[in-house]
Each structure stands twice: as C-alpha cells, then as structure tokens.
Amino acid sequence: MVAITLPDGSVRQFEGPVTGTDIAENISKSLAKKALAVKVDGEVIDLFATIDRDAAVEIVTREHEDALDIIRHDTAHLLAQAVQELFPGTQVTIGPNIEDGFFYDFAREEPFSTDDLEKIEKRMGEIVDEARVTRREVWEREKAIAHFKEIGEHYKAEIIADLPEAEDVKIYFHGDWHDLCRGPHLPSTKHIGKAFKLMKVAGAYWRGDHRNPMLHRIYGTAWTSEKDLKAYLLRLEEAEKRDHRRLGREMDLFHFQPEAQGSVFWHPKGFLIWRALEAYIRRRLDDDGYREVKSPQLLDSKLWEKSGHWGKFRENMFVVPDEIPSTDDDAPVLSGEAALMALKPMNCPAHIQIFNQGIKSYRDLPIRMAEFGCCHRNEAHGALHGLMRVRQMTQDDAHIFCREDQIAEETVRFLNLFARVYEDMGMTDIAYKLATRPEQRAGDDATWDRAEKALGDALTAAGLKFEYAEGEGAFYGPKLEFHLTDAIGRTWQAGTYQLDYVLPERLDATYVDETGAKQRPVMLHRAVFGTFERFIGLLIEHYAGKLPFWLAPVQVVVATITSEANAYAENVLAQLRAAGLRAELDIRNEKINYKVREHSHGKIPVIAVVGAREAEEEKVSLRRLGEKQQEVASLEDAITALAADALAPDLREKA
RNA sequence: GCCGCAGUAGCUCAGUGGUAGAGCGCACCCUUGGUAAGGGUGAGGCCGGGAGUUCAAUUCUCCCCUGCGGCACCA
C-alpha cells in the first residue's frame, strides 16, 4: 500500500507502486490531461516515474511554479532534435536553462545563420505537433559512452565519462531522438506548447575555456503561454530604451569615438552627473575618516614588477617607453631600448609609496587613503561595453592600512558606508558575493583561510545574504563584490572590498608596534561606486534616464509661453541659478506644448512655465516630469522648495 | 582575443552595378500659441577605410577598422 498525500491534505491509498499519471487520473480525467510532471516530497520527477513509498504529491500543470523550468528544458531538447534533423552531423553538447530561457551548444563546422534559426524554429513547431512520446532508460555507463562515441557524439561521451560515479546515466527519448539528461521531462513534445522563440546565435567555448574549440550556441526563450512570451518580448523592447548608451546620446551626456576606443568623452551634462556624485562621495569619505591623495599616472615598470602586476597583468597595461621619440622621419619613432613606464592600471602600489614615506606607528593606524584615481587598462576588444567596461576609468578608490585586529571593525565600517551610499542612490537591489582564492595566487593557505573567514563573518554579522564566487578572488586576497543589474539583466560589479596581506609584503610597507618592532600592515582595497563610468551607466539604466533631482544634469528649464514673459523668465533663471540650481532657459518661439514635450523627452525633472500671468504675479507654474498636473507657486516659495529638493542626501541629513 | 551579425544624413532606417531617399532633428521664415508634435522653406552624405573584379562599385569579392550580441578576460 502507498499513501499519497495531496496538497489539500487529503490522502489516497494505492495498491502498490504508482506513477504520477495514475494519481492524476485517480483525481480527475481533466487533471490527467493537463499534467506535465509530478512533485514528490518536493522533488519534481517524470509523470511516468514510479512512486513506491508514502509521499506528499503535487501534480505539476502549466500553472504550477515548477512548470516553466521543465518546459524550458524540454524546449532545449526540442531545439536539439530540430537542429540534428536539419543539420545532420551536428553534435550536441549541453543545453541548460538560464534566466528567461535556455541555450544549447552545438558542435559543427558551419555556424548557424539567422535564416537557419527560422528554419529550426519551424521544425521545432512540427515536432511539437508530432507529439513525440517521452521515455527514459537508465544505461550502463560504458554502454552509454560506447554508444554516443559510435554515433559520433564525442562531446556527450565525454560528459558521461565525467559524471559522478554515483549518478545514474539517464537517457531520455523523445520518439527516436535521445539525449543524456538528468530530467525530468514532459510526457511528450506536444506538452511543450508553442510559446517559444529562438533569440540569437553566438559562439561559446567548450567547457567555458578559451583553449577549447568554439561551439555554436543558440539562445532561446520559452514560456507557459503565448501571453507570457509576448510580455517577455515587450519587456526586452522596453529595456532597450533604458540602455545607457542610447540614453547617453539622447540626453547628450557622453560619446565614444574610434580614436579613443573604450574611453569616454563626457559632455557638459554628463559631467555634471559625475561632479554631483564626486562631490557627494567626497563628503561621505571626508566624514568617514578618509584622507584624499593624488598619485602619478605614469609609474616605472619596476614598481609594477615588484607589486606582481607586471607578471600577471602586463598584457592589459598601457606601456610607455621613457624616451624622446625620434624626430627623424626615416628612423623608427621609438628605439625599443628605453626603460618602460606604465599608465597605472590601479592605485594601490602608489598608495603604498605614500604610506611608506616616513615611519608609521601603530598609533597612526588605520590610515584610510582615498583617491579618485584615473586608471587605464587595455581591455580585450570584445570586453568593451559602453560605460560599463572601459579602458580609462576613474575609481572612487581607497586603501585602508591597518593592523590585523582592526580588520573586523574596518569591515563593519565599510559595509555601513556602502549601505548608506546605496540607500542614498536608491540602488538597493544588490547581489553580494564573496570571491575566494583563485588558482594562481600569492600568500599561504592559512592566511587565505583567515581572510576568507573574516569577510564571510562580516557579511553574516551585517545580516547580508551572499553567495560564494569560488576561485574569483584577486591574486593577493579574497574580495567582497557588490553587483548591480543593468537594464537587460546583466550584472556588473560596482563596489568591492578586498583583503590583502600580499602587496604590503611585496612593496615593504611597515609600521612600528608597541614594542618598537616592525610589523606589516594589512591592506584593505575598497571602492563604493567602483568606477564613476560604470556607476553612472548603472544609474542611468536604473532610473531610465530620469535621475533623482539632486543628480539631474539640468534640474529646471524655464520655458516661456509668449515672448512677453522673456524678461521675467531671465529673472527667474538668474534666481534659480543663484540658489544653486542647475537651470536653463527656453525662450524659443515655440508653443508651450512643444516645449513641454521636448523637455519631458529630455527627462528634465522640472519645467517652470512662465507666461504673462506668472510675470504679472511673480509666480511660476511648475510641472514635474511624469505628472500631468502643474502647481503654481510664488517664485520665492518655488525656489526655496526646489533648492531643498536639490540637496544631496547627505546634505539633506544635515540640513 | 574568439564566434556571429552590422556599418547609408546628427538619430532611426529605406534603397540601387550607372555616385542616393524618408521621418525625426537642425537652420531660416510665418505663427505669440497656457502644459507631450502649428505651418512653410532650406541646408546637410568620400553610402566606415583600403584593395580587387568591372567600361562603371555605395551595391559584388577580399582584407582592415569600429559597433552590436554572446564567449573568454576583468588587478
């Protein structure tokens, strides 16, 4: 006897083992029709799998929260079937689910074209109509390897060979087509439905390693209903409008051009955002005990050799020979023999040089040394991405030199600062990651153990949920990474906090302890925004260009209705500016409708409309972005209110 | 760096083996209009760069550059 408990709490008894199908049919015919899989004690399994013990069971239908994952993975199998039928000789590799869909990597000489995608999608639809029935077999490992080798599926054979010994080699059949898979799967291809779409083709290295062959990856999306699919596609379209590269152009914030690939030309409006951010974070740092420095842009390669960066990152550094270029047109410009310097890719070695001036006492620690450091990194071409990944970047960098017993306190202090800043920015959707020791690293394991534990403990103490990013730490120490998500769901590291025992050693930083003995300080690398470039990019996408009032490059546009009000408008502008507001004037010979529309598109937070009436009464009519209503206020009141709104969050706290 | 796609006016895009077009934007004129598009006229292009095929290339081929989507990388 098997007792099955249903979600409503009722219990049904069955003679001997049952399947999900049996249970569904036992409940109702219509449920059996809709059933996709079955959830047994929290684990989703195939409808045809046997249940031979008492269990809590849910029938998974399209409406069930677990349905989507199954449908997506079935769609990946569907894709693989269609591809192999249309392009014989193509090998399958892996095809996992991802956010909003799935991909499948294929090994084939010829890449897939956009036209191919259409054909494949059509074939997928046909296979759905064929309603190929799913069944599962468990194979002997050696037999499976031999079988897949024989049919030319060498990647599959490799995957099976690498499966953990304990794991069954499960082969799923959809009709004749079959694949190694963990499952579960839908009862037939018919159950997938047609709410799927192939999105794009891309290259991807086998096993994510650039030394391996490149496979052809097809990305797709799949949903439980056509409605959801449509909504998703619409969401993508909307997200495109938030793209900071697009908004940067539309709002006249910045541009890029080939002569400075990967470096930003900040336009006046864009740089106003930067200035507001910089002024804000500088005040926050001043208040938090940091002292700001400025270090050289070009430093001798010998320093980078000592720090270890030359060995590990030289290929990403801009190297400059320390010599006068030849003025002889027939001779090579550079001799190739000069000593080398490099544009700094980071500020830490320079900060240690400042630390090393004079003798530091334990009483001096912690020293919190900040710099808005402009760094250059020669990033791979394919890595560049708008403001998010650039070759010239300015970090809101700082290094804290402290004793080991001060790490915990400094970490709490930093997490507090970080939380306050992100709260002020309205960016509270943050993913916390603890990046642990990489394969190539400096320092001994005991030190790494201590350092990783210190960071994990700090996050836990702060009540922050985090995940581990195994092996992704810096070569000198583990990192806390603070990630934000862009408009289309890609995540980017913004803030960072890194523990470093190595650089102080390499660059011989010391302080004198209570006994007069020399000691190594610990170095904490940290950035709140990360870089101004990336953070501004993220801000723009987060707010879809509608930046908070205090950050908006143009806060108020004074727009006239008729030229009668021009003189008054000039007066309003002057007073707004005198109150510290970033205001502009629009006295063009255009209708007020036109001006309102244009400045709304320009994401100007406040339009101050003035006509003859306002001029007469010394008033302004304020219209806030996104609102239909205006409010009419006296000029004095309006300026007082707007000036208060324009205060940066830290200043508002103090006001 | 790797795979794929793309590059035509400031922007979005159409088009063609005989050197180009639209909408928006811009300039000028008319319009002085009360909160998301008033009307007219006009300027603006080495059709990404180089080479090849051709009587002729923006169009076809090759190479390069840049951009886009992924992958790899990210101190």
# chains A, B, ... in the order shown; residues from 1 in each chain; ligands from 1

$ closest_atom_pairs --of "chain B" --to "chain A" --cutoff "6 Å" --atoms "only C-alpha atoms (C1' of nucleotides)" --output "Markdown table"
| residue | atom | partner | partner_atom | distance |
| --- | --- | --- | --- | --- |
| B:C3 | C1' | A:Gly203 | CA | 4.0 |
| B:G4 | C1' | A:Ala202 | CA | 5.7 |
| B:U32 | C1' | A:Thr562 | CA | 5.0 |
| B:G33 | C1' | A:Lys591 | CA | 5.3 |
| B:U35 | C1' | A:Asn593 | CA | 5.8 |
| B:A36 | C1' | A:Arg597 | CA | 3.9 |
| B:G70 | C1' | A:Ala202 | CA | 4.8 |
| B:C71 | C1' | A:Ala204 | CA | 4.2 |
| B:A72 | C1' | A:His210 | CA | 5.4 |

$ residues_around --residues "range 454-465 of chain A" --least-positions-apart "4" --cutoff "7 Å" --atoms "only C-alpha atoms (C1' of nucleotides)" --output "tab-separated table (two decimals) with all heavy atoms, in the first residue's frame"
chain	number	residue	atom	x	y	z
A	408	ALA	N	38.12	43.58	11.38
A	408	ALA	CA	36.69	43.39	11.62
A	408	ALA	C	35.98	44.73	11.73
A	408	ALA	O	34.96	44.97	11.08
A	408	ALA	CB	36.48	42.57	12.89
A	411	THR	N	35.84	46.56	8.44
A	411	THR	CA	34.90	45.94	7.50
A	411	THR	C	33.47	46.38	7.82
A	411	THR	O	32.72	46.76	6.93
A	411	THR	CB	35.01	44.40	7.57
A	411	THR	OG1	36.39	44.04	7.33
A	411	THR	CG2	34.14	43.75	6.52
A	412	VAL	N	33.14	46.38	9.09
A	412	VAL	CA	31.82	46.86	9.50
A	412	VAL	C	31.64	48.31	9.08
A	412	VAL	O	30.61	48.71	8.52
A	412	VAL	CB	31.65	46.74	11.04
A	412	VAL	CG1	30.39	47.46	11.49
A	412	VAL	CG2	31.62	45.27	11.44
A	432	TYR	N	25.40	40.30	-3.25
A	432	TYR	CA	26.67	40.24	-2.53
A	432	TYR	C	27.38	38.93	-2.86
A	432	TYR	O	26.77	37.87	-2.80
A	432	TYR	CB	26.44	40.34	-1.03
A	432	TYR	CG	25.79	41.64	-0.62
A	432	TYR	CD1	24.39	41.76	-0.62
A	432	TYR	CD2	26.56	42.73	-0.24
A	432	TYR	CE1	23.79	42.96	-0.25
A	432	TYR	CE2	25.96	43.93	0.13
A	432	TYR	CZ	24.58	44.03	0.12
A	432	TYR	OH	23.98	45.21	0.48
A	450	ARG	N	42.05	32.59	6.91
A	450	ARG	CA	41.71	33.67	7.84
A	450	ARG	C	40.97	34.79	7.13
A	450	ARG	O	39.96	35.28	7.60
A	450	ARG	CB	43.01	34.23	8.45
A	450	ARG	CG	43.40	33.64	9.75
A	450	ARG	CD	44.32	34.50	10.60
A	450	ARG	NE	45.28	35.36	9.95
A	450	ARG	CZ	46.51	34.99	9.57
A	450	ARG	NH1	46.92	33.74	9.72
A	450	ARG	NH2	47.33	35.87	9.03

$ residues_around --residues "range 280-287 of chain A" --least-positions-apart "5" --cutoff "9 Å" --atoms "only C-alpha atoms (C1' of nucleotides)" --output "ChimeraX atom specification"
/A:275,292,370,396,417,421,528-529,648-651

$ write_last_selection --atoms "N, CA, C and O atoms" --output "tab-separated table (two decimals), in the first residue's frame"
chain	number	residue	atom	x	y	z
A	275	ARG	N	30.17	65.19	-11.50
A	275	ARG	CA	30.57	66.17	-10.46
A	275	ARG	C	29.68	66.06	-9.23
A	275	ARG	O	30.16	66.16	-8.09
A	292	GLU	N	42.25	62.22	1.36
A	292	GLU	CA	42.36	62.08	-0.08
A	292	GLU	C	43.76	62.42	-0.57
A	292	GLU	O	44.37	63.37	-0.10
A	370	ALA	N	42.32	57.78	0.35
A	370	ALA	CA	41.37	57.76	-0.77
A	370	ALA	C	41.94	58.48	-1.97
A	370	ALA	O	42.75	59.39	-1.85
A	396	ASP	N	36.48	55.32	-7.37
A	396	ASP	CA	36.42	56.00	-6.08
A	396	ASP	C	37.15	55.07	-5.12
A	396	ASP	O	36.58	54.37	-4.32
A	417	LEU	N	29.16	52.32	5.44
A	417	LEU	CA	29.31	53.40	4.46
A	417	LEU	C	28.65	52.98	3.15
A	417	LEU	O	27.89	53.73	2.54
A	421	VAL	N	25.47	54.80	1.25
A	421	VAL	CA	25.60	55.39	-0.09
A	421	VAL	C	24.57	54.79	-1.05
A	421	VAL	O	23.89	55.52	-1.77
A	528	VAL	N	33.43	52.18	-3.42
A	528	VAL	CA	31.99	52.16	-3.16
A	528	VAL	C	31.22	52.11	-4.48
A	528	VAL	O	30.46	51.19	-4.73
A	529	PHE	N	31.47	53.10	-5.33
A	529	PHE	CA	30.83	53.08	-6.65
A	529	PHE	C	31.51	52.05	-7.56
A	529	PHE	O	30.87	51.49	-8.44
A	648	ALA	N	21.91	67.19	-1.94
A	648	ALA	CA	22.34	65.79	-1.97
A	648	ALA	C	21.89	65.14	-0.66
A	648	ALA	O	21.72	65.83	0.35
A	649	PRO	N	21.67	63.82	-0.67
A	649	PRO	CA	21.10	63.16	0.51
A	649	PRO	C	21.89	63.42	1.79
A	649	PRO	O	21.28	63.58	2.85
A	650	ASP	N	23.20	63.47	1.70
A	650	ASP	CA	23.99	63.68	2.92
A	650	ASP	C	23.78	65.09	3.46
A	650	ASP	O	23.76	65.31	4.67
A	651	LEU	N	23.63	66.05	2.55
A	651	LEU	CA	23.42	67.43	2.99
A	651	LEU	C	22.02	67.61	3.56
A	651	LEU	O	21.80	68.39	4.48

$ select_by_dssp --residues "range 95-180 of chain A" --states "strand (DSSP E or B)" --output "VMD selection string"
chain A and resid 97 to 98 101 to 107 133 to 139 169 to 174 177 to 180

$ write_last_selection --atoms "N, CA, C and O atoms" --output "mmCIF file, in the first residue's frame"
data_model
loop_
_atom_site.group_PDB
_atom_site.id
_atom_site.type_symbol
_atom_site.label_atom_id
_atom_site.label_comp_id
_atom_site.auth_asym_id
_atom_site.auth_seq_id
_atom_site.Cartn_x
_atom_site.Cartn_y
_atom_site.Cartn_z
ATOM 1 N N ASN A 97 19.031 25.526 -18.752
ATOM 2 C CA ASN A 97 18.139 26.670 -18.591
ATOM 3 C C ASN A 97 18.939 27.857 -18.083
ATOM 4 O O ASN A 97 19.899 27.685 -17.331
ATOM 5 N N ILE A 98 18.512 29.028 -18.486
ATOM 6 C CA ILE A 98 19.076 30.251 -17.938
ATOM 7 C C ILE A 98 17.910 31.178 -17.619
ATOM 8 O O ILE A 98 16.764 30.841 -17.888
ATOM 9 N N GLY A 101 15.008 31.684 -20.136
ATOM 10 C CA GLY A 101 15.034 30.763 -21.270
ATOM 11 C C GLY A 101 16.062 29.666 -21.133
ATOM 12 O O GLY A 101 16.200 29.072 -20.062
ATOM 13 N N PHE A 102 16.772 29.438 -22.214
ATOM 14 C CA PHE A 102 17.721 28.323 -22.246
ATOM 15 C C PHE A 102 18.692 28.590 -23.387
ATOM 16 O O PHE A 102 18.491 29.495 -24.195
ATOM 17 N N PHE A 103 19.764 27.803 -23.414
ATOM 18 C CA PHE A 103 20.574 27.775 -24.629
ATOM 19 C C PHE A 103 20.974 26.346 -24.892
ATOM 20 O O PHE A 103 20.776 25.462 -24.042
ATOM 21 N N TYR A 104 21.486 26.099 -26.082
ATOM 22 C CA TYR A 104 22.046 24.794 -26.383
ATOM 23 C C TYR A 104 23.289 25.018 -27.208
ATOM 24 O O TYR A 104 23.268 25.813 -28.143
ATOM 25 N N ASP A 105 24.382 24.359 -26.827
ATOM 26 C CA ASP A 105 25.647 24.495 -27.556
ATOM 27 C C ASP A 105 25.812 23.327 -28.513
ATOM 28 O O ASP A 105 25.710 22.168 -28.101
ATOM 29 N N PHE A 106 26.075 23.648 -29.777
ATOM 30 C CA PHE A 106 26.260 22.626 -30.801
ATOM 31 C C PHE A 106 27.663 22.686 -31.374
ATOM 32 O O PHE A 106 28.218 23.775 -31.539
ATOM 33 N N ALA A 107 28.190 21.509 -31.705
ATOM 34 C CA ALA A 107 29.493 21.454 -32.365
ATOM 35 C C ALA A 107 29.260 21.166 -33.839
ATOM 36 O O ALA A 107 28.636 20.164 -34.184
ATOM 37 N N VAL A 133 6.509 10.918 -27.952
ATOM 38 C CA VAL A 133 6.343 10.484 -26.565
ATOM 39 C C VAL A 133 7.701 10.339 -25.883
ATOM 40 O O VAL A 133 8.669 9.874 -26.470
ATOM 41 N N THR A 134 7.761 10.776 -24.642
ATOM 42 C CA THR A 134 8.990 10.726 -23.859
ATOM 43 C C THR A 134 9.085 9.397 -23.117
ATOM 44 O O THR A 134 8.088 8.912 -22.575
ATOM 45 N N ARG A 135 10.273 8.809 -23.130
ATOM 46 C CA ARG A 135 10.500 7.689 -22.218
ATOM 47 C C ARG A 135 11.944 7.755 -21.744
ATOM 48 O O ARG A 135 12.768 8.471 -22.314
ATOM 49 N N ARG A 136 12.197 7.044 -20.683
ATOM 50 C CA ARG A 136 13.509 7.164 -20.048
ATOM 51 C C ARG A 136 14.126 5.800 -19.859
ATOM 52 O O ARG A 136 13.424 4.844 -19.509
ATOM 53 N N GLU A 137 15.411 5.709 -20.120
ATOM 54 C CA GLU A 137 16.129 4.473 -19.838
ATOM 55 C C GLU A 137 17.355 4.801 -19.006
ATOM 56 O O GLU A 137 17.919 5.877 -19.144
ATOM 57 N N VAL A 138 17.728 3.867 -18.155
ATOM 58 C CA VAL A 138 18.984 4.041 -17.427
ATOM 59 C C VAL A 138 19.978 3.065 -18.013
ATOM 60 O O VAL A 138 19.702 1.867 -18.118
ATOM 61 N N TRP A 139 21.104 3.623 -18.463
ATOM 62 C CA TRP A 139 22.082 2.792 -19.165
ATOM 63 C C TRP A 139 23.310 2.546 -18.316
ATOM 64 O O TRP A 139 23.682 3.329 -17.446
ATOM 65 N N VAL A 169 23.135 6.979 -15.354
ATOM 66 C CA VAL A 169 23.210 7.548 -16.697
ATOM 67 C C VAL A 169 21.824 7.424 -17.301
ATOM 68 O O VAL A 169 21.411 6.349 -17.741
ATOM 69 N N LYS A 170 21.093 8.547 -17.242
ATOM 70 C CA LYS A 170 19.709 8.516 -17.698
ATOM 71 C C LYS A 170 19.633 9.007 -19.136
ATOM 72 O O LYS A 170 20.176 10.065 -19.465
ATOM 73 N N ILE A 171 19.001 8.250 -19.973
ATOM 74 C CA ILE A 171 18.837 8.622 -21.374
ATOM 75 C C ILE A 171 17.356 8.871 -21.611
ATOM 76 O O ILE A 171 16.521 8.007 -21.358
ATOM 77 N N TYR A 172 17.063 10.072 -22.086
ATOM 78 C CA TYR A 172 15.683 10.410 -22.400
ATOM 79 C C TYR A 172 15.456 10.284 -23.889
ATOM 80 O O TYR A 172 16.258 10.763 -24.689
ATOM 81 N N PHE A 173 14.359 9.636 -24.240
ATOM 82 C CA PHE A 173 13.949 9.522 -25.642
ATOM 83 C C PHE A 173 12.735 10.413 -25.876
ATOM 84 O O PHE A 173 11.821 10.455 -25.059
ATOM 85 N N HIS A 174 12.781 11.139 -26.982
ATOM 86 C CA HIS A 174 11.566 11.815 -27.459
ATOM 87 C C HIS A 174 11.363 11.228 -28.846
ATOM 88 O O HIS A 174 12.045 11.641 -29.789
ATOM 89 N N TRP A 177 14.713 10.192 -31.112
ATOM 90 C CA TRP A 177 15.824 11.065 -30.708
ATOM 91 C C TRP A 177 16.070 10.896 -29.210
ATOM 92 O O TRP A 177 15.139 10.778 -28.427
ATOM 93 N N HIS A 178 17.331 10.870 -28.832
ATOM 94 C CA HIS A 178 17.608 10.671 -27.407
ATOM 95 C C HIS A 178 18.834 11.440 -26.973
ATOM 96 O O HIS A 178 19.702 11.775 -27.776
ATOM 97 N N ASP A 179 18.887 11.703 -25.695
ATOM 98 C CA ASP A 179 19.955 12.526 -25.145
ATOM 99 C C ASP A 179 20.164 12.140 -23.691
ATOM 100 O O ASP A 179 19.228 11.742 -23.001
ATOM 101 N N LEU A 180 21.412 12.293 -23.277
ATOM 102 C CA LEU A 180 21.700 12.128 -21.858
ATOM 103 C C LEU A 180 21.045 13.286 -21.121
ATOM 104 O O LEU A 180 21.168 14.433 -21.547
#

$ select_by_dssp --residues "range 285-513 of chain A" --states "helix (DSSP H, G or I)" --output "PyMOL selection string"
chain A and resi 285-287+301-307+309-316+348-355+362-364+381-383+404-425+445-461+502-506

$ closest_residue --among "A:Glu541, A:Ala638, A:Asn212, A:Ala67" --to "C2 in chain B" --atoms "only C-alpha atoms (C1' of nucleotides)"
A:Asn212

$ atom_distance --atom1 "CA of Ala569 in chain A" --atom2 "CA of Asp645 in chain A"
20.9 Å

$ residues_around --residues "G42 in chain B" --least-positions-apart "2" --cutoff "10 Å" --atoms "only C-alpha atoms (C1' of nucleotides)" --output "list in words"
A27, C28 and G44 of chain B

$ write_last_selection --atoms "all heavy atoms" --output "CSV table (one decimal), in the first residue's frame"
chain,number,residue,atom,x,y,z
B,27,A,P,18.5,75.3,-34.8
B,27,A,OP1,19.3,76.1,-33.8
B,27,A,OP2,17.1,75.0,-34.6
B,27,A,O5',18.8,75.9,-36.2
B,27,A,C5',20.1,76.3,-36.7
B,27,A,C4',20.0,77.0,-38.0
B,27,A,O4',19.6,75.9,-39.0
B,27,A,C3',18.9,78.0,-38.2
B,27,A,O3',19.3,79.3,-37.8
B,27,A,C2',18.6,77.9,-39.7
B,27,A,O2',19.6,78.6,-40.4
B,27,A,C1',18.7,76.4,-40.0
B,27,A,N9,17.5,75.7,-39.9
B,27,A,C8,17.0,75.0,-38.8
B,27,A,N7,15.8,74.4,-39.0
B,27,A,C5,15.5,74.8,-40.3
B,27,A,C6,14.4,74.5,-41.2
B,27,A,N6,13.4,73.8,-40.8
B,27,A,N1,14.4,75.1,-42.4
B,27,A,C2,15.5,75.8,-42.8
B,27,A,N3,16.6,76.2,-42.1
B,27,A,C4,16.5,75.6,-40.9
B,28,C,P,18.3,80.3,-37.2
B,28,C,OP1,19.1,81.5,-36.7
B,28,C,OP2,17.4,79.6,-36.3
B,28,C,O5',17.5,80.8,-38.5
B,28,C,C5',18.1,81.6,-39.5
B,28,C,C4',17.2,81.7,-40.6
B,28,C,O4',16.9,80.4,-41.2
B,28,C,C3',15.8,82.3,-40.4
B,28,C,O3',15.7,83.7,-40.3
B,28,C,C2',15.0,81.7,-41.6
B,28,C,O2',15.3,82.5,-42.7
B,28,C,C1',15.6,80.3,-41.7
B,28,C,N1,14.9,79.3,-41.0
B,28,C,C2,13.8,78.7,-41.7
B,28,C,O2,13.5,79.1,-42.8
B,28,C,N3,13.1,77.8,-41.0
B,28,C,C4,13.4,77.4,-39.8
B,28,C,N4,12.7,76.4,-39.2
B,28,C,C5,14.5,77.9,-39.1
B,28,C,C6,15.2,78.9,-39.8
B,44,G,P,24.3,71.6,-48.7
B,44,G,OP1,25.7,72.0,-49.1
B,44,G,OP2,23.4,71.1,-49.8
B,44,G,O5',24.4,70.5,-47.5
B,44,G,C5',25.3,70.7,-46.4
B,44,G,C4',25.0,69.8,-45.3
B,44,G,O4',23.5,69.8,-45.0
B,44,G,C3',25.2,68.3,-45.7
B,44,G,O3',26.5,67.9,-45.5
B,44,G,C2',24.2,67.6,-44.8
B,44,G,O2',24.8,67.4,-43.5
B,44,G,C1',23.1,68.6,-44.7
B,44,G,N9,21.9,68.2,-45.5
B,44,G,C8,21.7,68.7,-46.8
B,44,G,N7,20.6,68.2,-47.3
B,44,G,C5,20.1,67.4,-46.3
B,44,G,C6,18.9,66.6,-46.3
B,44,G,O6,18.0,66.5,-47.2
B,44,G,N1,18.7,66.0,-45.1
B,44,G,C2,19.6,66.0,-44.0
B,44,G,N2,19.3,65.4,-42.9
B,44,G,N3,20.7,66.8,-44.0
B,44,G,C4,20.9,67.4,-45.2

$ residues_around --residues "range 153-164 of chain A" --least-positions-apart "3" --cutoff "7 Å" --atoms "only C-alpha atoms (C1' of nucleotides)" --output "PyMOL selection string"
chain A and resi 91-93+145+148-149+167

$ write_last_selection --atoms "all heavy atoms" --output "mmCIF file, in the first residue's frame"
data_model
loop_
_atom_site.group_PDB
_atom_site.id
_atom_site.type_symbol
_atom_site.label_atom_id
_atom_site.label_comp_id
_atom_site.auth_asym_id
_atom_site.auth_seq_id
_atom_site.Cartn_x
_atom_site.Cartn_y
_atom_site.Cartn_z
ATOM 1 N N GLN A 91 26.927 17.866 -33.588
ATOM 2 C CA GLN A 91 26.959 17.197 -32.283
ATOM 3 C C GLN A 91 26.295 18.072 -31.225
ATOM 4 O O GLN A 91 26.439 19.288 -31.239
ATOM 5 C CB GLN A 91 28.411 16.970 -31.844
ATOM 6 C CG GLN A 91 29.163 15.972 -32.676
ATOM 7 C CD GLN A 91 30.536 15.737 -32.070
ATOM 8 O OE1 GLN A 91 30.675 15.235 -30.964
ATOM 9 N NE2 GLN A 91 31.566 16.118 -32.809
ATOM 10 N N VAL A 92 25.614 17.411 -30.314
ATOM 11 C CA VAL A 92 25.026 18.146 -29.196
ATOM 12 C C VAL A 92 26.040 18.191 -28.054
ATOM 13 O O VAL A 92 26.893 17.322 -27.948
ATOM 14 C CB VAL A 92 23.726 17.488 -28.686
ATOM 15 C CG1 VAL A 92 22.634 17.597 -29.725
ATOM 16 C CG2 VAL A 92 23.967 16.035 -28.323
ATOM 17 N N THR A 93 25.955 19.204 -27.224
ATOM 18 C CA THR A 93 26.820 19.233 -26.037
ATOM 19 C C THR A 93 25.939 19.458 -24.815
ATOM 20 O O THR A 93 25.351 18.511 -24.316
ATOM 21 C CB THR A 93 27.926 20.313 -26.161
ATOM 22 O OG1 THR A 93 27.339 21.603 -26.173
ATOM 23 C CG2 THR A 93 28.723 20.109 -27.437
ATOM 24 N N ILE A 145 28.723 5.415 -23.060
ATOM 25 C CA ILE A 145 29.889 6.070 -23.664
ATOM 26 C C ILE A 145 30.148 5.487 -25.050
ATOM 27 O O ILE A 145 30.331 6.227 -26.031
ATOM 28 C CB ILE A 145 31.129 5.910 -22.758
ATOM 29 C CG1 ILE A 145 30.909 6.694 -21.450
ATOM 30 C CG2 ILE A 145 32.382 6.396 -23.468
ATOM 31 C CD1 ILE A 145 31.971 6.447 -20.394
ATOM 32 N N PHE A 148 27.409 6.640 -27.594
ATOM 33 C CA PHE A 148 27.500 8.018 -28.090
ATOM 34 C C PHE A 148 28.744 8.217 -28.951
ATOM 35 O O PHE A 148 28.721 8.967 -29.920
ATOM 36 C CB PHE A 148 27.438 9.008 -26.923
ATOM 37 C CG PHE A 148 26.018 9.225 -26.437
ATOM 38 C CD1 PHE A 148 25.579 8.655 -25.251
ATOM 39 C CD2 PHE A 148 25.126 9.963 -27.198
ATOM 40 C CE1 PHE A 148 24.270 8.829 -24.820
ATOM 41 C CE2 PHE A 148 23.811 10.150 -26.771
ATOM 42 C CZ PHE A 148 23.374 9.572 -25.582
ATOM 43 N N LYS A 149 29.819 7.501 -28.610
ATOM 44 C CA LYS A 149 31.007 7.579 -29.463
ATOM 45 C C LYS A 149 30.682 7.045 -30.841
ATOM 46 O O LYS A 149 31.051 7.624 -31.861
ATOM 47 C CB LYS A 149 32.160 6.766 -28.855
ATOM 48 C CG LYS A 149 32.978 7.577 -27.878
ATOM 49 C CD LYS A 149 34.226 6.813 -27.447
ATOM 50 C CE LYS A 149 34.986 7.602 -26.392
ATOM 51 N NZ LYS A 149 35.882 6.723 -25.607
ATOM 52 N N GLU A 167 26.007 8.742 -9.939
ATOM 53 C CA GLU A 167 24.847 9.183 -10.698
ATOM 54 C C GLU A 167 24.463 8.188 -11.791
ATOM 55 O O GLU A 167 25.316 7.679 -12.511
ATOM 56 C CB GLU A 167 25.135 10.555 -11.322
ATOM 57 C CG GLU A 167 23.883 11.271 -11.769
ATOM 58 C CD GLU A 167 24.132 12.757 -11.972
ATOM 59 O OE1 GLU A 167 24.931 13.345 -11.205
ATOM 60 O OE2 GLU A 167 23.546 13.313 -12.899
#
